[in-house]
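Asks: PDB, C-alpha atoms and all ligand atoms, file my_file-v4.pdb:
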ATOM      1  CA  MET R   1      13.119  -8.190 -17.144
ATOM      2  CA  ASP R   2      11.843  -5.351 -19.402
ATOM      3  CA  LYS R   3      12.456  -1.754 -18.356
ATOM      4  CA  LEU R   4      10.263  -0.831 -15.359
ATOM      5  CA  ILE R   5       8.607   2.581 -14.964
ATOM      6  CA  LEU R   6       6.418   3.419 -11.967
ATOM      7  CA  HIS R   7       3.711   5.982 -12.728
ATOM      8  CA  GLU R   8       3.114   7.416  -9.279
ATOM      9  CA  ASP R   9       2.381  10.209  -6.847
ATOM     10  CA  PRO R  10       4.915  10.006  -4.006
ATOM     11  CA  LEU R  11       2.292  10.794  -1.358
ATOM     12  CA  SER R  12       0.492   7.536  -2.158
ATOM     13  CA  GLY R  13       1.154   4.459  -0.040
ATOM     14  CA  ASN R  14      -0.145   2.270  -2.864
ATOM     15  CA  CYS R  15       2.684   3.595  -5.052
ATOM     16  CA  TYR R  16       5.209   3.198  -2.246
ATOM     17  CA  LYS R  17       4.411  -0.540  -1.968
ATOM     18  CA  ILE R  18       5.786  -1.063  -5.455
ATOM     19  CA  ARG R  19       8.857   1.070  -4.834
ATOM     20  CA  LEU R  20       9.565  -0.840  -1.605
ATOM     21  CA  THR R  21       9.115  -4.212  -3.322
ATOM     22  CA  ALA R  22      11.514  -3.215  -6.117
ATOM     23  CA  ALA R  23      14.047  -1.883  -3.605
ATOM     24  CA  LEU R  24      13.976  -5.045  -1.461
ATOM     25  CA  LEU R  25      14.532  -7.088  -4.634
ATOM     26  CA  GLY R  26      17.255  -4.771  -5.945
ATOM     27  CA  LEU R  27      15.280  -4.036  -9.144
ATOM     28  CA  PRO R  28      15.876  -0.678 -10.873
ATOM     29  CA  LEU R  29      12.711   1.376 -11.247
ATOM     30  CA  GLU R  30      12.296   4.610 -13.142
ATOM     31  CA  ARG R  31       9.742   6.998 -11.622
ATOM     32  CA  LYS R  32       7.232   9.194 -13.452
ATOM     33  CA  PHE R  33       5.367  11.646 -11.227
ATOM     34  CA  TYR R  34       1.735  12.821 -11.279
ATOM     35  CA  ASP R  35      -0.105  15.122  -8.862
ATOM     36  CA  ILE R  36      -3.421  13.432  -8.074
ATOM     37  CA  GLN R  37      -4.717  16.573  -6.351
ATOM     38  CA  LYS R  38      -4.380  18.415  -9.659
ATOM     39  CA  GLY R  39      -6.252  15.659 -11.514
ATOM     40  CA  GLU R  40      -3.180  14.619 -13.488
ATOM     41  CA  THR R  41      -4.375  10.998 -13.633
ATOM     42  CA  ARG R  42      -7.700  12.054 -15.138
ATOM     43  CA  THR R  43      -6.460  13.641 -18.355
ATOM     44  CA  PRO R  44      -7.566  12.120 -21.687
ATOM     45  CA  GLU R  45      -3.910  11.151 -22.360
ATOM     46  CA  PHE R  46      -3.506   9.341 -19.043
ATOM     47  CA  LEU R  47      -6.859   7.548 -19.451
ATOM     48  CA  ALA R  48      -6.007   6.486 -22.992
ATOM     49  CA  GLN R  49      -2.377   5.492 -22.507
ATOM     50  CA  VAL R  50      -1.756   4.589 -18.849
ATOM     51  CA  ASN R  51      -4.887   3.552 -16.956
ATOM     52  CA  ALA R  52      -8.499   3.844 -18.095
ATOM     53  CA  ASN R  53      -9.408   3.705 -14.377
ATOM     54  CA  GLY R  54      -7.753   7.115 -13.843
ATOM     55  CA  ARG R  55      -5.566   6.116 -10.902
ATOM     56  CA  ILE R  56      -1.988   5.531  -9.957
ATOM     57  CA  PRO R  57       0.034   3.461  -9.264
ATOM     58  CA  VAL R  58       0.621   1.898 -12.658
ATOM     59  CA  LEU R  59       3.686  -0.235 -13.266
ATOM     60  CA  GLN R  60       4.866   0.012 -16.855
ATOM     61  CA  ILE R  61       6.734  -3.082 -17.988
ATOM     62  CA  GLY R  62       8.183  -2.413 -21.416
ATOM     63  CA  ASP R  63       5.095  -1.347 -23.387
ATOM     64  CA  LYS R  64       2.561  -2.939 -21.007
ATOM     65  CA  PHE R  65       0.747  -1.032 -18.219
ATOM     66  CA  LEU R  66      -0.258  -2.804 -14.993
ATOM     67  CA  PRO R  67      -2.517  -0.886 -12.556
ATOM     68  CA  GLU R  68      -3.390  -2.063  -9.005
ATOM     69  CA  SER R  69      -0.593  -1.890  -6.467
ATOM     70  CA  ASP R  70      -0.755  -5.449  -5.204
ATOM     71  CA  ALA R  71      -0.811  -6.921  -8.726
ATOM     72  CA  ALA R  72       2.255  -4.821  -9.589
ATOM     73  CA  CYS R  73       4.080  -6.016  -6.439
ATOM     74  CA  PHE R  74       3.243  -9.582  -7.415
ATOM     75  CA  TYR R  75       4.613  -9.082 -10.917
ATOM     76  CA  LEU R  76       7.930  -7.904  -9.486
ATOM     77  CA  ALA R  77       8.218 -10.531  -6.756
ATOM     78  CA  ASP R  78       6.643 -13.596  -8.368
ATOM     79  CA  ASP R  79       9.874 -15.593  -8.541
ATOM     80  CA  SER R  80      11.413 -14.306  -5.317
ATOM     81  CA  ALA R  81      11.414 -15.128  -1.612
ATOM     82  CA  LEU R  82       8.818 -12.369  -1.079
ATOM     83  CA  VAL R  83       6.255 -14.869  -2.428
ATOM     84  CA  PRO R  84       6.189 -18.059  -0.336
ATOM     85  CA  ALA R  85       6.891 -21.322  -2.120
ATOM     86  CA  ASP R  86       4.335 -23.266  -0.085
ATOM     87  CA  ARG R  87       0.853 -23.352  -1.652
ATOM     88  CA  TRP R  88      -1.023 -22.643   1.616
ATOM     89  CA  ASP R  89       1.339 -19.793   2.538
ATOM     90  CA  ARG R  90       0.949 -18.251  -0.918
ATOM     91  CA  ALA R  91      -2.838 -18.273  -0.556
ATOM     92  CA  ASP R  92      -2.506 -16.906   2.980
ATOM     93  CA  MET R  93      -0.363 -14.067   1.603
ATOM     94  CA  LEU R  94      -3.090 -13.253  -0.945
ATOM     95  CA  ARG R  95      -5.687 -13.380   1.846
ATOM     96  CA  TRP R  96      -3.895 -10.553   3.690
ATOM     97  CA  MET R  97      -3.393  -8.571   0.473
ATOM     98  CA  PHE R  98      -7.088  -8.788  -0.443
ATOM     99  CA  TRP R  99      -7.991  -7.880   3.133
ATOM    100  CA  GLU R 100      -5.657  -4.899   2.939
ATOM    101  CA  GLN R 101      -7.466  -3.605  -0.128
ATOM    102  CA  TYR R 102     -10.981  -4.166   1.207
ATOM    103  CA  ASN R 103     -10.751  -3.574   4.967
ATOM    104  CA  HIS R 104      -7.521  -1.739   5.737
ATOM    105  CA  GLU R 105      -6.658   0.730   2.967
ATOM    106  CA  PRO R 106     -10.178   2.209   2.611
ATOM    107  CA  SER R 107     -10.099   3.379   6.230
ATOM    108  CA  LEU R 108      -6.434   4.044   7.129
ATOM    109  CA  ALA R 109      -5.373   5.477   3.777
ATOM    110  CA  THR R 110      -8.546   7.469   3.213
ATOM    111  CA  LEU R 111      -8.476   9.183   6.613
ATOM    112  CA  ARG R 112      -4.783  10.036   6.153
ATOM    113  CA  TYR R 113      -5.557  11.519   2.737
ATOM    114  CA  TRP R 114      -8.616  13.453   3.865
ATOM    115  CA  LEU R 115      -7.080  14.883   7.039
ATOM    116  CA  THR R 116      -3.521  15.471   5.805
ATOM    117  CA  TYR R 117      -3.852  16.381   2.146
ATOM    118  CA  ILE R 118      -7.407  17.685   1.675
ATOM    119  CA  GLY R 119      -7.626  19.087   5.206
ATOM    120  CA  ALA R 120     -10.456  18.753   7.758
ATOM    121  CA  ASP R 121     -11.872  22.188   6.855
ATOM    122  CA  ASN R 122     -12.137  21.349   3.154
ATOM    123  CA  LEU R 123     -14.002  18.037   3.449
ATOM    124  CA  THR R 124     -17.501  17.712   2.026
ATOM    125  CA  ASP R 125     -20.396  16.948   4.379
ATOM    126  CA  VAL R 126     -20.532  13.425   2.937
ATOM    127  CA  GLN R 127     -16.837  12.867   3.710
ATOM    128  CA  ARG R 128     -17.156  14.349   7.218
ATOM    129  CA  ALA R 129     -20.085  12.032   7.969
ATOM    130  CA  GLN R 130     -17.953   9.013   7.040
ATOM    131  CA  ILE R 131     -15.110   9.796   9.458
ATOM    132  CA  PRO R 132     -16.467   7.935  12.549
ATOM    133  CA  GLY R 133     -17.193   4.786  10.518
ATOM    134  CA  LYS R 134     -13.771   4.847   8.877
ATOM    135  CA  ARG R 135     -12.080   5.475  12.234
ATOM    136  CA  ALA R 136     -13.877   2.450  13.766
ATOM    137  CA  ALA R 137     -13.012   0.269  10.753
ATOM    138  CA  GLY R 138      -9.369   1.373  10.910
ATOM    139  CA  GLU R 139      -9.136   0.613  14.606
ATOM    140  CA  ALA R 140     -10.668  -2.824  13.997
ATOM    141  CA  ALA R 141      -8.090  -3.451  11.251
ATOM    142  CA  LEU R 142      -5.181  -2.428  13.488
ATOM    143  CA  LYS R 143      -6.514  -4.632  16.298
ATOM    144  CA  LEU R 144      -6.756  -7.622  13.953
ATOM    145  CA  MET R 145      -3.187  -6.996  12.784
ATOM    146  CA  ASP R 146      -1.964  -6.725  16.359
ATOM    147  CA  GLU R 147      -3.632 -10.032  17.257
ATOM    148  CA  ARG R 148      -2.212 -11.746  14.167
ATOM    149  CA  LEU R 149       1.297 -10.570  15.034
ATOM    150  CA  ALA R 150       1.176 -11.831  18.625
ATOM    151  CA  GLY R 151       4.026 -14.332  18.937
ATOM    152  CA  ARG R 152       5.051 -14.071  15.289
ATOM    153  CA  GLU R 153       7.360 -11.838  13.253
ATOM    154  CA  TRP R 154       5.593 -11.680   9.880
ATOM    155  CA  PHE R 155       2.045 -11.965   8.589
ATOM    156  CA  VAL R 156       2.630 -15.207   6.696
ATOM    157  CA  ALA R 157       4.751 -18.172   7.789
ATOM    158  CA  THR R 158       8.177 -17.170   9.092
ATOM    159  CA  ALA R 159       9.496 -14.713   6.506
ATOM    160  CA  VAL R 160       8.690 -11.277   5.154
ATOM    161  CA  SER R 161       6.326 -11.452   2.159
ATOM    162  CA  LEU R 162       4.237  -9.169  -0.037
ATOM    163  CA  ALA R 163       1.547  -9.302   2.659
ATOM    164  CA  ASP R 164       3.863  -7.382   4.994
ATOM    165  CA  ILE R 165       4.747  -4.850   2.288
ATOM    166  CA  ALA R 166       1.107  -4.266   1.341
ATOM    167  CA  LEU R 167       0.118  -3.740   4.976
ATOM    168  CA  TYR R 168       3.153  -1.712   5.997
ATOM    169  CA  ALA R 169       2.568   1.004   3.376
ATOM    170  CA  TYR R 170      -0.406   2.702   5.037
ATOM    171  CA  THR R 171       0.021   1.345   8.570
ATOM    172  CA  HIS R 172       3.267   3.137   9.338
ATOM    173  CA  VAL R 173       1.801   6.511   8.309
ATOM    174  CA  CYS R 174      -1.663   6.086   9.852
ATOM    175  CA  GLU R 175      -1.254   8.465  12.807
ATOM    176  CA  PRO R 176      -2.052  11.686  10.903
ATOM    177  CA  GLY R 177      -5.393   9.987  10.134
ATOM    178  CA  GLY R 178      -6.141   9.949  13.863
ATOM    179  CA  PHE R 179      -4.887   6.471  14.867
ATOM    180  CA  ARG R 180      -2.486   5.704  17.749
ATOM    181  CA  LEU R 181       0.130   3.071  16.958
ATOM    182  CA  ALA R 182       1.121   2.938  20.638
ATOM    183  CA  ASP R 183      -2.167   1.081  21.212
ATOM    184  CA  TYR R 184      -0.875  -1.768  18.991
ATOM    185  CA  PRO R 185       2.527  -2.882  20.346
ATOM    186  CA  ASN R 186       2.876  -5.942  18.099
ATOM    187  CA  VAL R 187       2.250  -3.748  15.071
ATOM    188  CA  GLN R 188       4.852  -1.265  16.312
ATOM    189  CA  ALA R 189       7.453  -4.036  16.717
ATOM    190  CA  TRP R 190       6.643  -5.332  13.213
ATOM    191  CA  ILE R 191       7.053  -1.819  11.756
ATOM    192  CA  ALA R 192      10.533  -1.711  13.319
ATOM    193  CA  ARG R 193      11.334  -5.123  11.762
ATOM    194  CA  MET R 194      10.198  -3.881   8.341
ATOM    195  CA  GLU R 195      12.397  -0.806   8.629
ATOM    196  CA  ALA R 196      15.409  -2.947   9.557
ATOM    197  CA  LEU R 197      15.189  -5.077   6.387
ATOM    198  CA  PRO R 198      18.251  -4.952   4.130
ATOM    199  CA  ARG R 199      17.665  -2.527   1.204
ATOM    200  CA  PHE R 200      14.589  -0.998   2.924
ATOM    201  CA  VAL R 201      13.677   2.423   1.504
ATOM    202  CA  PRO R 202      11.425   4.910   3.311
ATOM    203  CA  MET R 203       8.385   6.602   1.799
ATOM    204  CA  ASP R 204       9.339   9.972   0.255
TER     205      ASP R 204
HETATM  206  N1  LIG R 301      -6.703  -0.398  -5.605
HETATM  207  C1  LIG R 301      -5.814   0.566  -6.216
HETATM  208  C2  LIG R 301      -6.115   1.947  -5.646
HETATM  209  C3  LIG R 301      -5.577   3.050  -6.526
HETATM  210  C4  LIG R 301      -5.947   4.421  -5.999
HETATM  211  O1  LIG R 301      -6.969   4.598  -5.323
HETATM  212  N2  LIG R 301      -5.087   5.406  -6.318
HETATM  213  C5  LIG R 301      -5.282   6.737  -5.825
HETATM  214  C6  LIG R 301      -4.030   7.213  -5.077
HETATM  215  S1  LIG R 301      -3.588   6.108  -3.775
HETATM  216  C7  LIG R 301      -5.483   7.680  -7.012
HETATM  217  O2  LIG R 301      -4.883   7.510  -8.051
HETATM  218  N3  LIG R 301      -6.326   8.711  -6.854
HETATM  219  C8  LIG R 301      -6.493   9.730  -7.836
HETATM  220  C9  LIG R 301      -7.842   9.735  -8.444
HETATM  221  O3  LIG R 301      -8.680   8.864  -8.094
HETATM  222  O4  LIG R 301      -8.068  10.619  -9.261
HETATM  223  C10 LIG R 301      -4.364   0.152  -5.946
HETATM  224  O5  LIG R 301      -4.102  -0.557  -4.969
HETATM  225  O6  LIG R 301      -3.485   0.519  -6.741
END
Please, can you express the file's structure as structure tokens?

Replies:
Amino acid sequence: MDKLILHEDPLSGNCYKIRLTAALLGLPLERKFYDIQKGETRTPEFLAQVNANGRIPVLQIGDKFLPESDAACFYLADDSALVPADRWDRADMLRWMFWEQYNHEPSLATLRYWLTYIGADNLTDVQRAQIPGKRAAGEAALKLMDERLAGREWFVATAVSLADIALYAYTHVCEPGGFRLADYPNVQAWIARMEALPRFVPMD
């Protein structure tokens, strides 16, 4: 495989997904850091060379740049056991990854970012007005995860896959966003299983 460079901000769970995938696969990854709070992903250089969408993570593979965390995880894991061989299971894995991006990350990750990094006192009125809706959506997402994990170890089939990695990234750090993991015991047990995986690395 070509040299891999992760353009990232270590506070981002989306970036961590890629780092965790590489670690579980034993793939070396160089890291290049940006501070999103200082707008470092919005400079003309970044927009021209790394990602015209102005966001991290971006996985650089040789001279190619791949934005979108779940696409980057897929690139790394495509030929590994983190992507199920069975056609149905592979589609089921993608189902959970798309759901993570549309229903899970926009509530759990956003509330963590707003309340931990921006700070409740610095939010705009528009952001403050969105908190109850995002809290309800996050609780609904955690409940759905807890129900899915009843009587099973992993989100898809019987082995850890990219679906687990994508969902773990912002679930295990959701409490500063105002969520209570103790209300979701199956999710808590799954978090412990993730953290016991060989070659697991924690978020910075
Ligand atoms: N869907 C994208 C989301 C990327 C994203 O929202 N990145 C955030 C950090 S997690 C970012 O770069 N924010 C800085 C900005 O928008 O200026 C993914 O999964 O990679």

Asks: Quick one: residues within 7 Å of ligand LIG 301 (chain R), with only C-alpha atoms and all ligand atoms, as a PyMOL selection string?

Replies: chain R and resi 12-15+36+39+41-42+54-57+67-70+101

Asks: With segment 178-195 of chain R as the partner and 8 Å as the cut-off, tabulate the residues of segment 67-146 of chain R that qualify, each row holding the nearest pair of atoms and their distance in Å to one decimal, using all atoms listed in the file, sorted by chain and rising number, as a tab-separated table.

Replies:
residue	atom	partner	partner_atom	distance
R:Leu111	CA	R:Gly178	CA	7.7
R:Arg112	CA	R:Gly178	CA	7.8
R:Arg135	CA	R:Gly178	CA	7.6
R:Gly138	CA	R:Phe179	CA	7.9
R:Glu139	CA	R:Phe179	CA	7.2
R:Leu142	CA	R:Tyr184	CA	7.0
R:Lys143	CA	R:Tyr184	CA	6.9
R:Met145	CA	R:Val187	CA	6.7
R:Asp146	CA	R:Asn186	CA	5.2

Asks: Using all atoms listed in the file for the distances, tell me which of R:Asp79, R:Asn122, R:Met97, R:Ala129 is nearest to Lys17 of chain R.

Replies: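 Checking each of R:Asp79, R:Asn122, R:Met97, R:Ala129 against Lys17 of chain R, counting all atoms listed in the file, the winner is R:Met97.
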
Asks: Got a sec: who's within 10 Å of Arg90 of chain R, counting only C-alpha atoms, leaving out chain neighbours fewer than 4 positions off, as a PyMOL selection string?

Replies: chain R and resi 82-86+94-95+156-157+161-163

Asks: When you draw a straight line from atom CA of Ile5 of chain R to atom CA of Tyr168 of chain R, how long is it in Å?

Replies: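 Distance between the two atoms: 22.1 Å.
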
Asks: Would you mind telling me which residue in R:Ala169, R:Ala141, R:Ala91, R:Ala196 lies nearest to Pro10 of chain R when using all atoms listed in the file?

Replies: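 With all atoms listed in the file as the atom set, the closest residue is R:Ala169.
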
Asks: Just give me the gap between atom CA of Trp88 of chain R and atom CA of Ala71 of chain R in Å, one decimal is fine.

Replies: 18.8 Å

Asks: Enter the distance from atom CA of Ile18 of chain R to atom CA of Gly151 of chain R, in Å, rounded to one decimal.

Replies: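 Interatomic distance here is 27.8 Å.
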
Asks: Could you pull the residues within 10 Å of Trp114 of chain R, counting only C-alpha atoms, minus those fewer than 2 positions along the same chain, as a PDB file with C-alpha atoms, in the coordinates of the input?

Replies:
ATOM      1  CA  ALA R 109      -5.373   5.477   3.777  1.00  0.00           C
ATOM      2  CA  THR R 110      -8.546   7.469   3.213  1.00  0.00           C
ATOM      3  CA  LEU R 111      -8.476   9.183   6.613  1.00  0.00           C
ATOM      4  CA  ARG R 112      -4.783  10.036   6.153  1.00  0.00           C
ATOM      5  CA  THR R 116      -3.521  15.471   5.805  1.00  0.00           C
ATOM      6  CA  TYR R 117      -3.852  16.381   2.146  1.00  0.00           C
ATOM      7  CA  ILE R 118      -7.407  17.685   1.675  1.00  0.00           C
ATOM      8  CA  GLY R 119      -7.626  19.087   5.206  1.00  0.00           C
ATOM      9  CA  ALA R 120     -10.456  18.753   7.758  1.00  0.00           C
ATOM     10  CA  ASP R 121     -11.872  22.188   6.855  1.00  0.00           C
ATOM     11  CA  ASN R 122     -12.137  21.349   3.154  1.00  0.00           C
ATOM     12  CA  LEU R 123     -14.002  18.037   3.449  1.00  0.00           C
ATOM     13  CA  GLN R 127     -16.837  12.867   3.710  1.00  0.00           C
ATOM     14  CA  ARG R 128     -17.156  14.349   7.218  1.00  0.00           C
ATOM     15  CA  ILE R 131     -15.110   9.796   9.458  1.00  0.00           C
ATOM     16  CA  PRO R 176      -2.052  11.686  10.903  1.00  0.00           C
ATOM     17  CA  GLY R 177      -5.393   9.987  10.134  1.00  0.00           C
TER      18      GLY R 177
END
